[in-house]
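Student: Sharing final.pdb below, PDB, C-alpha atoms:
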```
ATOM      1  CA  MET A   1       0.000   0.000   0.000
ATOM      2  CA  ALA A   2       1.406   3.421  -0.958
ATOM      3  CA  ARG A   3       2.115   5.834   1.835
ATOM      4  CA  ARG A   4      -0.049   8.935   1.736
ATOM      5  CA  HIS A   5       1.854  12.218   1.446
ATOM      6  CA  ASP A   6       0.702  14.604   4.177
ATOM      7  CA  PRO A   7       2.906  17.743   4.205
ATOM      8  CA  GLY A   8       0.870  19.461   6.926
ATOM      9  CA  ARG A   9       1.026  16.599   9.408
ATOM     10  CA  ARG A  10       4.030  17.905  11.364
ATOM     11  CA  GLN A  11       2.311  21.276  11.875
ATOM     12  CA  ARG A  12      -0.961  19.595  12.878
ATOM     13  CA  ILE A  13       0.954  17.622  15.502
ATOM     14  CA  ILE A  14       2.488  20.818  16.920
ATOM     15  CA  ASP A  15      -0.935  22.512  16.940
ATOM     16  CA  ALA A  16      -2.412  19.478  18.689
ATOM     17  CA  ALA A  17       0.387  19.521  21.288
ATOM     18  CA  ILE A  18      -0.390  23.160  22.032
ATOM     19  CA  ARG A  19      -4.108  22.393  22.421
ATOM     20  CA  VAL A  20      -3.413  19.409  24.709
ATOM     21  CA  ALA A  21      -0.980  21.413  26.851
ATOM     22  CA  ALA A  22      -3.410  24.354  27.047
ATOM     23  CA  ARG A  23      -6.254  22.077  28.085
ATOM     24  CA  ASP A  24      -4.470  19.535  30.293
ATOM     25  CA  GLY A  25      -1.169  21.192  31.189
ATOM     26  CA  LEU A  26       2.229  19.743  30.435
ATOM     27  CA  ALA A  27       1.489  16.765  32.677
ATOM     28  CA  GLY A  28      -1.201  15.682  30.198
ATOM     29  CA  LEU A  29       1.095  15.892  27.194
ATOM     30  CA  SER A  30       2.323  12.646  25.670
ATOM     31  CA  HIS A  31       2.861  11.280  22.184
ATOM     32  CA  ARG A  32      -0.350   9.294  22.650
ATOM     33  CA  THR A  33      -2.532  12.256  23.726
ATOM     34  CA  VAL A  34      -1.119  14.429  20.948
ATOM     35  CA  ALA A  35      -1.680  11.717  18.323
ATOM     36  CA  ALA A  36      -5.304  11.377  19.441
ATOM     37  CA  GLU A  37      -5.813  15.148  19.379
ATOM     38  CA  ALA A  38      -4.218  15.472  15.929
ATOM     39  CA  ASP A  39      -6.121  12.421  14.665
ATOM     40  CA  VAL A  40      -2.916  10.825  13.373
ATOM     41  CA  PRO A  41      -1.343   7.438  14.090
ATOM     42  CA  LEU A  42       0.887   7.326  17.164
ATOM     43  CA  GLY A  43       3.844   6.477  14.917
ATOM     44  CA  SER A  44       3.455   9.827  13.163
ATOM     45  CA  THR A  45       4.134  11.767  16.339
ATOM     46  CA  THR A  46       7.239   9.737  17.135
ATOM     47  CA  TYR A  47       8.371   9.939  13.500
ATOM     48  CA  HIS A  48       8.283  13.743  13.532
ATOM     49  CA  PHE A  49       9.299  14.144  17.197
ATOM     50  CA  ALA A  50      11.368  11.270  18.561
ATOM     51  CA  THR A  51      11.164  12.594  22.115
ATOM     52  CA  LEU A  52       8.628  14.573  24.057
ATOM     53  CA  ASP A  53      11.266  17.281  24.549
ATOM     54  CA  GLU A  54      11.521  17.703  20.761
ATOM     55  CA  LEU A  55       7.768  18.201  20.622
ATOM     56  CA  LEU A  56       7.892  20.692  23.510
ATOM     57  CA  VAL A  57      10.654  22.656  21.786
ATOM     58  CA  ALA A  58       8.522  22.938  18.644
ATOM     59  CA  ALA A  59       5.488  23.984  20.711
ATOM     60  CA  LEU A  60       7.485  26.608  22.634
ATOM     61  CA  CYS A  61       8.953  28.009  19.411
ATOM     62  CA  GLN A  62       5.453  28.423  18.012
ATOM     63  CA  ALA A  63       4.051  29.852  21.254
ATOM     64  CA  ASN A  64       6.886  32.403  21.416
ATOM     65  CA  GLU A  65       5.845  33.703  18.016
ATOM     66  CA  GLY A  66       2.566  34.887  19.538
ATOM     67  CA  PHE A  67       4.063  37.576  21.769
ATOM     68  CA  ALA A  68       6.592  38.599  19.123
ATOM     69  CA  ARG A  69       3.748  39.071  16.640
ATOM     70  CA  VAL A  70       1.774  41.258  19.097
ATOM     71  CA  LEU A  71       4.889  43.348  19.809
ATOM     72  CA  ASP A  72       5.780  43.704  16.125
ATOM     73  CA  ASP A  73       2.202  44.492  15.092
ATOM     74  CA  SER A  74       2.057  47.284  17.685
ATOM     75  CA  GLY A  75       4.961  49.066  15.999
ATOM     76  CA  VAL A  76       6.122  50.324  19.402
ATOM     77  CA  ALA A  77       9.702  49.078  18.978
ATOM     78  CA  ALA A  78      10.026  50.828  15.618
ATOM     79  CA  ALA A  79       8.340  54.122  16.468
ATOM     80  CA  PRO A  80      10.884  56.588  17.875
ATOM     81  CA  GLY A  81       9.410  59.599  19.567
ATOM     82  CA  THR A  82       6.393  57.719  20.918
ATOM     83  CA  ASP A  83       5.771  56.890  24.582
ATOM     84  CA  LEU A  84       7.524  53.523  24.903
ATOM     85  CA  ALA A  85       6.133  52.766  28.358
ATOM     86  CA  ALA A  86       2.546  53.379  27.234
ATOM     87  CA  GLY A  87       3.104  51.339  24.077
ATOM     88  CA  LEU A  88       4.548  48.368  25.963
ATOM     89  CA  ALA A  89       1.741  48.552  28.539
ATOM     90  CA  ARG A  90      -0.784  48.348  25.673
ATOM     91  CA  VAL A  91       1.120  45.387  24.186
ATOM     92  CA  LEU A  92       0.917  43.528  27.511
ATOM     93  CA  GLY A  93      -2.791  44.303  27.714
ATOM     94  CA  ARG A  94      -3.371  42.863  24.240
ATOM     95  CA  TRP A  95      -1.263  39.816  25.017
ATOM     96  CA  LEU A  96      -2.983  39.065  28.314
ATOM     97  CA  GLY A  97      -6.450  40.123  27.215
ATOM     98  CA  GLY A  98      -6.593  38.684  23.734
ATOM     99  CA  ASP A  99      -5.988  35.037  24.487
ATOM    100  CA  ARG A 100      -5.116  34.436  28.106
ATOM    101  CA  PRO A 101      -4.884  30.646  27.604
ATOM    102  CA  GLY A 102      -2.227  31.376  24.968
ATOM    103  CA  ALA A 103      -0.272  33.531  27.407
ATOM    104  CA  GLU A 104      -0.673  30.920  30.148
ATOM    105  CA  LEU A 105       0.576  28.177  27.863
ATOM    106  CA  GLU A 106       3.546  30.223  26.683
ATOM    107  CA  TYR A 107       4.622  30.848  30.277
ATOM    108  CA  GLU A 108       4.036  27.224  31.259
ATOM    109  CA  LEU A 109       6.288  26.108  28.412
ATOM    110  CA  TYR A 110       8.784  28.868  29.185
ATOM    111  CA  LEU A 111       8.990  27.847  32.855
ATOM    112  CA  ALA A 112       9.256  24.168  31.929
ATOM    113  CA  ALA A 113      12.798  25.044  30.857
ATOM    114  CA  LEU A 114      13.679  24.976  34.563
ATOM    115  CA  ARG A 115      13.351  21.182  34.523
ATOM    116  CA  ARG A 116      13.818  20.444  30.829
ATOM    117  CA  PRO A 117      17.226  21.632  29.612
ATOM    118  CA  ALA A 118      16.209  21.085  25.965
ATOM    119  CA  LEU A 119      13.819  24.053  26.286
ATOM    120  CA  ARG A 120      16.404  26.462  27.688
ATOM    121  CA  PRO A 121      17.872  27.601  24.349
ATOM    122  CA  VAL A 122      14.367  28.408  23.072
ATOM    123  CA  ALA A 123      13.500  30.376  26.211
ATOM    124  CA  ALA A 124      16.832  32.210  26.027
ATOM    125  CA  ARG A 125      16.317  32.972  22.331
ATOM    126  CA  TRP A 126      12.891  34.523  23.084
ATOM    127  CA  THR A 127      14.496  36.779  25.695
ATOM    128  CA  GLU A 128      17.357  37.785  23.405
ATOM    129  CA  GLU A 129      15.045  38.488  20.456
ATOM    130  CA  THR A 130      12.755  40.633  22.602
ATOM    131  CA  VAL A 131      15.739  42.521  24.048
ATOM    132  CA  ALA A 132      17.011  43.114  20.498
ATOM    133  CA  ARG A 133      13.622  44.501  19.440
ATOM    134  CA  LEU A 134      13.525  46.897  22.397
ATOM    135  CA  SER A 135      17.184  47.882  21.970
ATOM    136  CA  THR A 136      16.116  49.893  18.944
ATOM    137  CA  ARG A 137      14.504  52.290  21.438
ATOM    138  CA  VAL A 138      16.624  52.032  24.608
ATOM    139  CA  ASP A 139      20.036  50.813  25.638
ATOM    140  CA  PRO A 140      20.472  47.012  25.975
ATOM    141  CA  VAL A 141      20.565  47.044  29.793
ATOM    142  CA  THR A 142      17.295  48.962  29.951
ATOM    143  CA  ALA A 143      15.814  46.651  27.286
ATOM    144  CA  ARG A 144      16.752  43.571  29.346
ATOM    145  CA  THR A 145      15.274  45.172  32.473
ATOM    146  CA  LEU A 146      12.047  45.950  30.598
ATOM    147  CA  VAL A 147      11.769  42.321  29.475
ATOM    148  CA  ALA A 148      12.262  41.131  33.068
ATOM    149  CA  LEU A 149       9.637  43.573  34.334
ATOM    150  CA  MET A 150       7.143  42.604  31.615
ATOM    151  CA  ASP A 151       7.693  38.928  32.491
ATOM    152  CA  GLY A 152       7.075  39.710  36.147
ATOM    153  CA  ILE A 153       3.888  41.661  35.470
ATOM    154  CA  CYS A 154       2.537  38.891  33.213
ATOM    155  CA  LEU A 155       3.385  36.175  35.733
ATOM    156  CA  GLN A 156       1.691  38.075  38.553
ATOM    157  CA  VAL A 157      -1.494  38.462  36.525
ATOM    158  CA  LEU A 158      -1.471  34.832  35.362
ATOM    159  CA  LEU A 159      -0.583  33.302  38.730
ATOM    160  CA  THR A 160      -3.047  35.339  40.783
ATOM    161  CA  GLY A 161      -5.845  35.292  38.223
ATOM    162  CA  GLY A 162      -6.051  39.037  38.713
ATOM    163  CA  SER A 163      -6.915  41.617  36.152
ATOM    164  CA  TYR A 164      -4.276  43.461  34.203
ATOM    165  CA  ASP A 165      -3.743  47.086  35.268
ATOM    166  CA  GLU A 166      -2.419  48.919  32.225
ATOM    167  CA  GLU A 167      -1.839  52.178  34.112
ATOM    168  CA  TYR A 168       0.286  50.390  36.745
ATOM    169  CA  ALA A 169       2.297  48.683  33.981
ATOM    170  CA  ARG A 170       2.813  52.010  32.169
ATOM    171  CA  GLU A 171       4.024  53.656  35.382
ATOM    172  CA  ALA A 172       6.384  50.784  36.262
ATOM    173  CA  LEU A 173       7.792  50.540  32.737
ATOM    174  CA  GLY A 174       8.169  54.331  32.634
ATOM    175  CA  ARG A 175      10.246  54.259  35.803
ATOM    176  CA  VAL A 176      12.644  51.763  34.227
ATOM    177  CA  ILE A 177      12.878  53.788  31.030
ATOM    178  CA  GLY A 178      13.217  57.055  32.959
ATOM    179  CA  GLY A 179      15.769  55.553  35.358
ATOM    180  CA  GLY A 180      17.973  54.495  32.463
ATOM    181  CA  GLY A 181      17.076  57.621  30.603
ATOM    182  CA  GLY A 182      16.607  55.427  27.551
ATOM    183  CA  ARG A 183      20.222  56.264  26.647
ATOM    184  CA  ARG A 184      22.765  53.856  25.307
ATOM    185  CA  THR A 185      25.261  52.965  28.036
ATOM    186  CA  GLU A 186      29.003  52.769  27.716
ATOM    187  CA  GLY A 187      30.573  49.572  26.569
ATOM    188  CA  PRO A 188      32.409  47.179  28.893
ATOM    189  CA  GLY A 189      35.401  48.738  30.564
ATOM    190  CA  GLU A 190      34.298  52.315  29.958
ATOM    191  CA  ASP A 191      33.528  54.591  32.861
ATOM    192  CA  ALA A 192      29.904  55.509  33.330
ATOM    193  CA  PRO A 193      29.141  59.181  33.832
ATOM    194  CA  GLY A 194      28.887  60.333  37.443
ATOM    195  CA  PRO A 195      25.670  61.460  39.117
TER     196      PRO A 195
END
```
Could you take the file, read its structure, and then write that structure out as structure tokens?
Tutor:
Amino acid sequence: MARRHDPGRRQRIIDAAIRVAARDGLAGLSHRTVAAEADVPLGSTTYHFATLDELLVAALCQANEGFARVLDDSGVAAAPGTDLAAGLARVLGRWLGGDRPGAELEYELYLAALRRPALRPVAARWTEETVARLSTRVDPVTARTLVALMDGICLQVLLTGGSYDEEYAREALGRVIGGGGGRRTEGPGEDAPGP
């Protein structure tokens, strides 16, 4: 019997993994549950993703694209002269308000890197790419601090089930931007200006 060509199967498996993880958490994710969700033979999931970590890496890569897309679509990183703090606060509001299960899943996958070393490069890449986007507006140290603060705000909202306070986020982000002045800092080994 000829094997049926199915070029979209790998993507359907990733999409199914994301749905299973969103519904059942990472504890409910297995090749078997993903195969059932994708309506493909179990062998297809192990053919495309030999280990569960490989499948999680693919899912995290795809989930990371969600926030990057919201940030890029906002234009805030590429709009000099605009209020960066207000723009980033709006981005967080869209991210958390648009599809909270998507944000929850992204953070669950992101935090899984604590126990699954295979996910660490993907989590690190997301951080570095976001820092690079923001470094078009502020110095790299301030950009990294903004990413850490945005992560913290998102985690607080997701973990407490609270509502997102855009004005609080704008104020907090503004303090980081104002504290660094949004200026590029000196390179390693160069003296920083005095107070």
Student: When the PyMOL selection byres ((chain A and resi 166) around 10) is applied to the file above, which residues end up in the set, as JSON, numbers by chain?
Tutor: {"A": [86, 88, 89, 90, 91, 92, 93, 163, 164, 165, 167, 168, 169, 170, 171, 172]}
Student: Using all atoms listed in the file, which residue out of A:Leu146, A:Cys154, A:Val141, A:Ala118 lies closest to Val57 of chain A?
Tutor: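 Closest candidate: A:Ala118.
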Student: Using all atoms listed in the file, can you tell me which of A:Phe49, A:Val122, A:Gly28, A:Leu173 comes closest to Gly152 of chain A?
Tutor: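 Selected residue with least distance to Gly152 of chain A: A:Leu173.
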Student: Determine the residue set returned by the PyMOL selection byres ((chain A and resi 138) around 12) for the present structure, and present it as a PyMOL selection string.
Tutor: chain A and resi 76-81+83-85+131-137+139-147+174+176-185
Student: Would you list the contacts of segment 46-48 of chain A as a list in words, taking every protein, DNA or RNA residue within 9 Å and counting all atoms listed in the file, but skipping same-chain residues closer than 3 positions in sequence?
Tutor: Arg9, Arg10, Ile13, His31, Leu42, Gly43, Thr51, Leu52, Glu54 and Leu55 of chain A
Student: Assuming the chain letters and numbering stay as they are in my file, what does the PyMOL selection byres ((chain A and resi 20) around 10) actually select? List them as a list in words.
Tutor: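 With the shown file as input, the PyMOL selection byres ((chain A and resi 20) around 10) matches Ile14, Asp15, Ala16, Ala17, Ile18, Arg19, Ala21, Ala22, Arg23, Asp24, Gly25, Leu26, Ala27, Gly28, Leu29, Ser30, Thr33, Val34, Ala36, Glu37 and Ala38 of chain A.
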Student: Which distance in Å separates atom CA of Asp53 of chain A and atom CA of Leu159 of chain A, to one decimal?
Tutor: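 Interatomic distance here is 24.5 Å.
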Student: Quick check, in Å to one decimal: how far apart do atom CA of Ala63 of chain A and atom CA of Val40 of chain A lie?
Tutor: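 Separation between atom CA of Ala63 of chain A and atom CA of Val40 of chain A: 21.7 Å.
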Student: To one decimal in Å, tell me the separation between atom CA of Asp39 of chain A and atom CA of Gln11 of chain A.
Tutor: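 Going from atom CA of Asp39 of chain A over to atom CA of Gln11 of chain A covers 12.5 Å.
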Student: Identify which of the residues A:Ala112, A:Ala50, A:Leu158, A:Ala35 lies closest to Trp95 of chain A, counting all atoms listed in the file when measuring atom-to-atom distances.
Tutor: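 Ranking A:Ala112, A:Ala50, A:Leu158, A:Ala35 by distance to Trp95 of chain A, first place goes to A:Leu158.
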Student: May I ask which of the residues A:Thr130, A:Thr160, A:Asn64, A:Thr45 is the closest one to Tyr110 of chain A, counting only C-alpha atoms?
Tutor: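 Ranked by minimum distance to Tyr110 of chain A, first place goes to A:Asn64.
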Student: So that all listed atoms of segment 147-162 of chain A fit with 8 Å spare on each side, what axis-aligned box centre and edge lengths in Å, to one decimal, would you give as JSON?
Tutor:
```
{"center_x": 3.1, "center_y": 38.4, "center_z": 35.1, "size_x": 34.3, "size_y": 26.3, "size_z": 27.3}
```
Student: Restricting the calculation to all atoms listed in the file: of A:Ala59, A:Leu155, A:Leu149, A:Ala68, which residue gets closest to Glu104 of chain A?
Tutor: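 Answer, going by the shortest atom-to-atom distance: A:Leu155.
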Student: Please complete segment 102-125 of chain A with N, CA, C and O atoms and give it back as an mmCIF file, keeping the file's coordinate frame.
Tutor:
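Written out: result.cif:
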```cif
data_model
loop_
_atom_site.group_PDB
_atom_site.id
_atom_site.type_symbol
_atom_site.label_atom_id
_atom_site.label_comp_id
_atom_site.auth_asym_id
_atom_site.auth_seq_id
_atom_site.Cartn_x
_atom_site.Cartn_y
_atom_site.Cartn_z
ATOM 1 N N GLY A 102 -3.467 31.368 25.738
ATOM 2 C CA GLY A 102 -2.227 31.376 24.968
ATOM 3 C C GLY A 102 -1.067 31.906 25.793
ATOM 4 O O GLY A 102 0.038 31.362 25.768
ATOM 5 N N ALA A 103 -1.310 32.973 26.542
ATOM 6 C CA ALA A 103 -0.272 33.531 27.407
ATOM 7 C C ALA A 103 0.081 32.543 28.509
ATOM 8 O O ALA A 103 1.253 32.346 28.834
ATOM 9 N N GLU A 104 -0.934 31.910 29.097
ATOM 10 C CA GLU A 104 -0.673 30.920 30.148
ATOM 11 C C GLU A 104 0.176 29.772 29.618
ATOM 12 O O GLU A 104 1.130 29.346 30.263
ATOM 13 N N LEU A 105 -0.172 29.289 28.444
ATOM 14 C CA LEU A 105 0.576 28.177 27.863
ATOM 15 C C LEU A 105 2.009 28.591 27.559
ATOM 16 O O LEU A 105 2.944 27.849 27.845
ATOM 17 N N GLU A 106 2.192 29.779 27.000
ATOM 18 C CA GLU A 106 3.546 30.223 26.683
ATOM 19 C C GLU A 106 4.399 30.262 27.948
ATOM 20 O O GLU A 106 5.535 29.786 27.955
ATOM 21 N N TYR A 107 3.848 30.793 29.037
ATOM 22 C CA TYR A 107 4.622 30.848 30.277
ATOM 23 C C TYR A 107 4.826 29.465 30.883
ATOM 24 O O TYR A 107 5.879 29.191 31.463
ATOM 25 N N GLU A 108 3.840 28.586 30.750
ATOM 26 C CA GLU A 108 4.036 27.224 31.259
ATOM 27 C C GLU A 108 5.171 26.536 30.507
ATOM 28 O O GLU A 108 6.036 25.897 31.109
ATOM 29 N N LEU A 109 5.203 26.691 29.197
ATOM 30 C CA LEU A 109 6.288 26.108 28.412
ATOM 31 C C LEU A 109 7.619 26.786 28.735
ATOM 32 O O LEU A 109 8.651 26.132 28.867
ATOM 33 N N TYR A 110 7.590 28.082 28.876
ATOM 34 C CA TYR A 110 8.784 28.868 29.185
ATOM 35 C C TYR A 110 9.383 28.420 30.518
ATOM 36 O O TYR A 110 10.584 28.182 30.635
ATOM 37 N N LEU A 111 8.512 28.256 31.537
ATOM 38 C CA LEU A 111 8.990 27.847 32.855
ATOM 39 C C LEU A 111 9.373 26.369 32.911
ATOM 40 O O LEU A 111 10.147 25.960 33.778
ATOM 41 N N ALA A 112 8.861 25.580 31.981
ATOM 42 C CA ALA A 112 9.256 24.168 31.929
ATOM 43 C C ALA A 112 10.748 24.018 31.661
ATOM 44 O O ALA A 112 11.347 22.983 31.969
ATOM 45 N N ALA A 113 11.354 25.068 31.117
ATOM 46 C CA ALA A 113 12.798 25.044 30.857
ATOM 47 C C ALA A 113 13.595 24.883 32.144
ATOM 48 O O ALA A 113 14.746 24.450 32.103
ATOM 49 N N LEU A 114 12.995 25.188 33.287
ATOM 50 C CA LEU A 114 13.679 24.976 34.563
ATOM 51 C C LEU A 114 14.028 23.509 34.762
ATOM 52 O O LEU A 114 15.078 23.186 35.316
ATOM 53 N N ARG A 115 13.154 22.615 34.316
ATOM 54 C CA ARG A 115 13.351 21.182 34.523
ATOM 55 C C ARG A 115 13.721 20.434 33.246
ATOM 56 O O ARG A 115 14.111 19.283 33.304
ATOM 57 N N ARG A 116 13.546 21.082 32.117
ATOM 58 C CA ARG A 116 13.818 20.444 30.829
ATOM 59 C C ARG A 116 14.876 21.254 30.085
ATOM 60 O O ARG A 116 14.549 22.209 29.382
ATOM 61 N N PRO A 117 16.142 20.866 30.232
ATOM 62 C CA PRO A 117 17.226 21.632 29.612
ATOM 63 C C PRO A 117 17.069 21.836 28.104
ATOM 64 O O PRO A 117 17.553 22.834 27.573
ATOM 65 N N ALA A 118 16.379 20.938 27.419
ATOM 66 C CA ALA A 118 16.209 21.085 25.965
ATOM 67 C C ALA A 118 15.434 22.355 25.616
ATOM 68 O O ALA A 118 15.578 22.894 24.518
ATOM 69 N N LEU A 119 14.616 22.848 26.542
ATOM 70 C CA LEU A 119 13.819 24.053 26.286
ATOM 71 C C LEU A 119 14.590 25.343 26.565
ATOM 72 O O LEU A 119 14.179 26.411 26.124
ATOM 73 N N ARG A 120 15.685 25.250 27.279
ATOM 74 C CA ARG A 120 16.404 26.462 27.688
ATOM 75 C C ARG A 120 16.879 27.319 26.522
ATOM 76 O O ARG A 120 16.732 28.543 26.562
ATOM 77 N N PRO A 121 17.446 26.736 25.473
ATOM 78 C CA PRO A 121 17.872 27.601 24.349
ATOM 79 C C PRO A 121 16.702 28.359 23.709
ATOM 80 O O PRO A 121 16.866 29.497 23.276
ATOM 81 N N VAL A 122 15.530 27.745 23.667
ATOM 82 C CA VAL A 122 14.367 28.408 23.072
ATOM 83 C C VAL A 122 13.921 29.561 23.961
ATOM 84 O O VAL A 122 13.631 30.664 23.481
ATOM 85 N N ALA A 123 13.882 29.323 25.272
ATOM 86 C CA ALA A 123 13.500 30.376 26.211
ATOM 87 C C ALA A 123 14.505 31.518 26.156
ATOM 88 O O ALA A 123 14.127 32.697 26.137
ATOM 89 N N ALA A 124 15.792 31.181 26.101
ATOM 90 C CA ALA A 124 16.832 32.210 26.027
ATOM 91 C C ALA A 124 16.727 32.993 24.725
ATOM 92 O O ALA A 124 16.900 34.223 24.714
ATOM 93 N N ARG A 125 16.435 32.301 23.629
ATOM 94 C CA ARG A 125 16.317 32.972 22.331
ATOM 95 C C ARG A 125 15.163 33.974 22.353
ATOM 96 O O ARG A 125 15.279 35.083 21.833
#
```
